[in-house]
Amino acid sequence: MRARTGKSTTAGMTLIEVMISTGLLFAVIAAAASLAMRASSTYEQGAARADVDQRAHRAIQLIVREFADAGRAGLTPEPLAPLGSATLDYRRADGFNGTVTFGPQMRIALEMENTELDNGLDDDGNGLVDERRVVRIENPGALDERRKVICHDVAEYLGGEEPNGVDDNGNGLIDERGLSFEVQGDVLTIRLTLEAMGEGGIRLERTVQTSVRVRN
Ligand SMILES: [Ca+2]
Ligand SMILES: [Ca+2]
Ligand SMILES: [Ca+2]
Ligand SMILES: [Ca+2]
């Protein structure tokens with residue numbers, strides 16, 4: 001009888017121990033899973049940031065290259081502060097024949113993405129609202145017009161800027177777009193903001209800026 005009671009007590013304690021152990025095990029597994037998910041999320045967020053950063057730098061390098069041998073007089077419209085311009089026509093020097101000769105009419109333009117309307121909505125379902133693209137156009141409007149997309153996912157407005165008639169981000173331009181040109185003397189400044197949708201629907205953006213001296 002005594003032995004049976006002892007056996008029953010031992011069995012009961014063992015069951016409680018098993019339950020506690022199982023509970024602890026689940027807690028440890030849950031904590032580890034949560035940690036792994038957070039680490040994975042942080043990694044993906046970092047990767048998304050690095051990707052938009054890389055795309056922004058690559059795009060602005062392609063744009064600035066276009067203007068390295070462009071003539072100051074050919075910059076149209078003249079992108080003066082405080083408005084600057086989101087689209088710029090130019091001609092590149094292509095030779096010397098007693099005087100510098102210039103190549104065909106060129107344009108860098110900020111356009112809506114094909115799949116997106118300018119309506120405050122994300123029409124193409126990629127998480128970005130009213131995103132633009134930058135296009136390089138040779139002989140714009142002519143029969144032999146040639147177009148090449150330089151980059152996608154350009155923000156509607158430059159980082160920190162809102163359409164309110166004020167220079168919100170303090171760069172001297174008012175309500176400038178996600179691609180913005182500004183000329184001062186013979187120095188052309190290019191600013192560009194790309195956006196991306198990060199982990200958990202967090203919007204990421206990267207603004208880059210560079211300047212180049214054009215030909216007088
Ligand atoms: Ca979109
Ligand atoms: Ca839209
Ligand atoms: Ca501004
Ligand atoms: Ca503004």
# chains A, B, ... in the order shown; residues from 1 in each chain; ligands from 1
$ residues_near_ligand --ligand "ligand 4" --cutoff "7 Å" --atoms "only C-alpha atoms and all ligand atoms" --output "list in words"
Glu161, Glu162, Pro163, Asn164, Gly165, Val166, Asp167, Asp168, Ile174 and Asp175 of chain A
$ write_last_selection --atoms "N, CA and C atoms" --output "mmCIF file, in the first residue's frame"
data_model
loop_
_atom_site.group_PDB
_atom_site.id
_atom_site.type_symbol
_atom_site.label_atom_id
_atom_site.label_comp_id
_atom_site.auth_asym_id
_atom_site.auth_seq_id
_atom_site.Cartn_x
_atom_site.Cartn_y
_atom_site.Cartn_z
ATOM 1 N N GLU A 161 10.831 66.491 -49.494
ATOM 2 C CA GLU A 161 10.092 67.586 -50.148
ATOM 3 C C GLU A 161 8.624 67.221 -50.287
ATOM 4 N N GLU A 162 7.766 68.217 -50.085
ATOM 5 C CA GLU A 162 6.319 68.041 -50.268
ATOM 6 C C GLU A 162 5.799 69.149 -51.172
ATOM 7 N N PRO A 163 4.682 68.887 -51.882
ATOM 8 C CA PRO A 163 4.148 69.893 -52.815
ATOM 9 C C PRO A 163 3.348 70.971 -52.089
ATOM 10 N N ASN A 164 4.077 71.957 -51.522
ATOM 11 C CA ASN A 164 3.399 72.970 -50.704
ATOM 12 C C ASN A 164 3.920 74.380 -50.927
ATOM 13 N N GLY A 165 4.713 74.567 -52.010
ATOM 14 C CA GLY A 165 5.219 75.911 -52.300
ATOM 15 C C GLY A 165 6.354 76.352 -51.391
ATOM 16 N N VAL A 166 6.916 75.414 -50.611
ATOM 17 C CA VAL A 166 7.987 75.742 -49.661
ATOM 18 C C VAL A 166 9.160 74.778 -49.901
ATOM 19 N N ASP A 167 10.376 75.240 -49.615
ATOM 20 C CA ASP A 167 11.552 74.375 -49.726
ATOM 21 C C ASP A 167 11.709 73.579 -48.431
ATOM 22 N N ASP A 168 11.030 72.448 -48.340
ATOM 23 C CA ASP A 168 10.993 71.679 -47.084
ATOM 24 C C ASP A 168 12.351 71.091 -46.696
ATOM 25 N N ILE A 174 12.274 74.629 -54.597
ATOM 26 C CA ILE A 174 10.913 74.499 -54.053
ATOM 27 C C ILE A 174 10.155 73.388 -54.773
ATOM 28 N N ASP A 175 9.623 72.462 -54.017
ATOM 29 C CA ASP A 175 8.780 71.376 -54.538
ATOM 30 C C ASP A 175 9.444 70.610 -55.679
#
$ residues_near_ligand --ligand "ligand 1" --cutoff "6 Å" --atoms "only C-alpha atoms and all ligand atoms" --output "list in words"
Glu116, Asp122, Asp123, Asp124, Gly125, Asn126, Gly127, Leu128, Val129, Asp130 and Glu131 of chain A
$ residues_around --residues "A:Ser211" --least-positions-apart "3" --cutoff "7 Å" --atoms "only C-alpha atoms" --output "PyMOL selection string"
chain A and resi 187-190
$ select_by_dssp --residues "chain A" --states "strand (DSSP E)" --output "ChimeraX atom specification"
/A:88-90,93-96,100-102,106-112,132-138,146-154,179-184,187-197,203-213
$ closest_residue --among "A:Val183, A:Leu121, A:Leu192, A:Ala81" --to "ligand 2" --atoms "only C-alpha atoms and all ligand atoms"
A:Leu121
$ residues_around --residues "stretch 36-41 of chain A" --least-positions-apart "6" --cutoff "12 Å" --atoms "only C-alpha atoms" --output "list in words"
Ile29, Ala30, Ala47, Ala48, Gly198, Glu199, Gly200, Gly201 and Ile202 of chain A
$ closest_residue --among "A:Met112, A:Ala93, A:Ile16, A:Ala56" --to "A:Val214" --atoms "only C-alpha atoms"
A:Ala93
$ closest_residue --among "A:Glu44, A:Asp118, A:Glu156, A:Glu195" --to "ligand 2" --atoms "only C-alpha atoms and all ligand atoms"
A:Asp118
$ select_by_dssp --residues "stretch 12-208 of chain A" --states "helix (DSSP H, G or I)" --output "JSON, numbers by chain"
{"A": [12, 13, 14, 15, 16, 17, 18, 19, 20, 21, 22, 23, 24, 25, 26, 27, 28, 29, 30, 31, 32, 33, 34, 35, 36, 37, 38, 39, 40, 41, 42, 43, 44, 45, 46, 47, 48, 49, 50, 51, 52, 53, 54, 55, 56, 57, 58, 59, 60, 61, 62, 63, 64, 65, 66, 67, 72, 73, 74, 199, 200, 201]}
$ write_last_selection --atoms "C-alpha atoms" --output "short mmCIF file (atom, residue, chain, number, x, y, z; two decimals), in the first residue's frame"
data_model
loop_
_atom_site.label_atom_id
_atom_site.label_comp_id
_atom_site.auth_asym_id
_atom_site.auth_seq_id
_atom_site.Cartn_x
_atom_site.Cartn_y
_atom_site.Cartn_z
CA GLY A 12 2.68 12.41 -10.56
CA MET A 13 5.89 14.38 -10.10
CA THR A 14 7.27 12.93 -13.27
CA LEU A 15 4.19 14.02 -15.18
CA ILE A 16 4.49 17.58 -13.79
CA GLU A 17 8.18 17.58 -14.63
CA VAL A 18 7.41 16.45 -18.14
CA MET A 19 4.81 19.17 -18.51
CA ILE A 20 7.20 21.84 -17.20
CA SER A 21 9.99 20.54 -19.42
CA THR A 22 7.68 20.52 -22.43
CA GLY A 23 6.52 24.06 -21.61
CA LEU A 24 10.10 25.23 -21.26
CA LEU A 25 11.05 23.54 -24.51
CA PHE A 26 8.21 25.28 -26.37
CA ALA A 27 9.21 28.60 -24.80
CA VAL A 28 12.81 28.11 -25.93
CA ILE A 29 11.71 27.09 -29.44
CA ALA A 30 9.36 30.09 -29.67
CA ALA A 31 12.09 32.46 -28.47
CA ALA A 32 14.57 31.00 -30.96
CA ALA A 33 12.04 31.21 -33.80
CA SER A 34 11.22 34.82 -32.91
CA LEU A 35 14.93 35.67 -32.81
CA ALA A 36 15.50 33.98 -36.18
CA MET A 37 12.55 35.84 -37.70
CA ARG A 38 13.84 39.17 -36.37
CA ALA A 39 17.33 38.44 -37.67
CA SER A 40 15.92 37.45 -41.06
CA SER A 41 13.76 40.58 -41.18
CA THR A 42 16.72 42.80 -40.25
CA TYR A 43 18.84 41.10 -42.91
CA GLU A 44 16.17 41.55 -45.59
CA GLN A 45 15.67 45.19 -44.57
CA GLY A 46 19.42 45.72 -44.83
CA ALA A 47 19.52 43.99 -48.22
CA ALA A 48 16.63 46.14 -49.51
CA ARG A 49 18.41 49.29 -48.30
CA ALA A 50 21.66 48.23 -49.95
CA ASP A 51 19.80 47.50 -53.20
CA VAL A 52 18.06 50.89 -53.42
CA ASP A 53 21.33 52.58 -52.44
CA GLN A 54 23.20 50.79 -55.22
CA ARG A 55 20.51 51.53 -57.83
CA ALA A 56 20.45 55.23 -56.90
CA HIS A 57 24.23 55.56 -57.22
CA ARG A 58 24.33 53.67 -60.51
CA ALA A 59 21.53 55.82 -61.97
CA ILE A 60 23.06 59.16 -61.02
CA GLN A 61 26.41 58.06 -62.46
CA LEU A 62 24.69 57.29 -65.78
CA ILE A 63 22.95 60.69 -65.73
CA VAL A 64 26.01 62.73 -64.81
CA ARG A 65 28.01 61.02 -67.57
CA GLU A 66 25.57 62.50 -70.10
CA PHE A 67 26.44 66.03 -69.03
CA ARG A 72 25.98 75.16 -71.10
CA ALA A 73 24.08 77.05 -73.82
CA GLY A 74 22.15 73.93 -74.83
CA GLU A 199 10.24 44.17 -45.28
CA GLY A 200 6.86 44.58 -43.56
CA GLY A 201 5.67 47.21 -46.02
#
$ residues_around --residues "A:Arg191" --least-positions-apart "3" --cutoff "8 Å" --atoms "only C-alpha atoms" --output "CSV table (one decimal) with C-alpha atoms, in the first residue's frame"
chain,number,residue,atom,x,y,z
A,60,ILE,CA,23.1,59.2,-61.0
A,158,LEU,CA,12.8,64.5,-53.8
A,178,GLY,CA,12.4,63.0,-57.6
A,179,LEU,CA,14.8,63.9,-60.3
A,180,SER,CA,15.9,67.5,-60.3
A,181,PHE,CA,18.4,69.6,-62.2
A,207,THR,CA,18.5,60.4,-52.2
A,208,VAL,CA,21.8,61.0,-54.1
A,209,GLN,CA,23.3,64.2,-55.4
A,210,THR,CA,26.2,65.1,-57.6
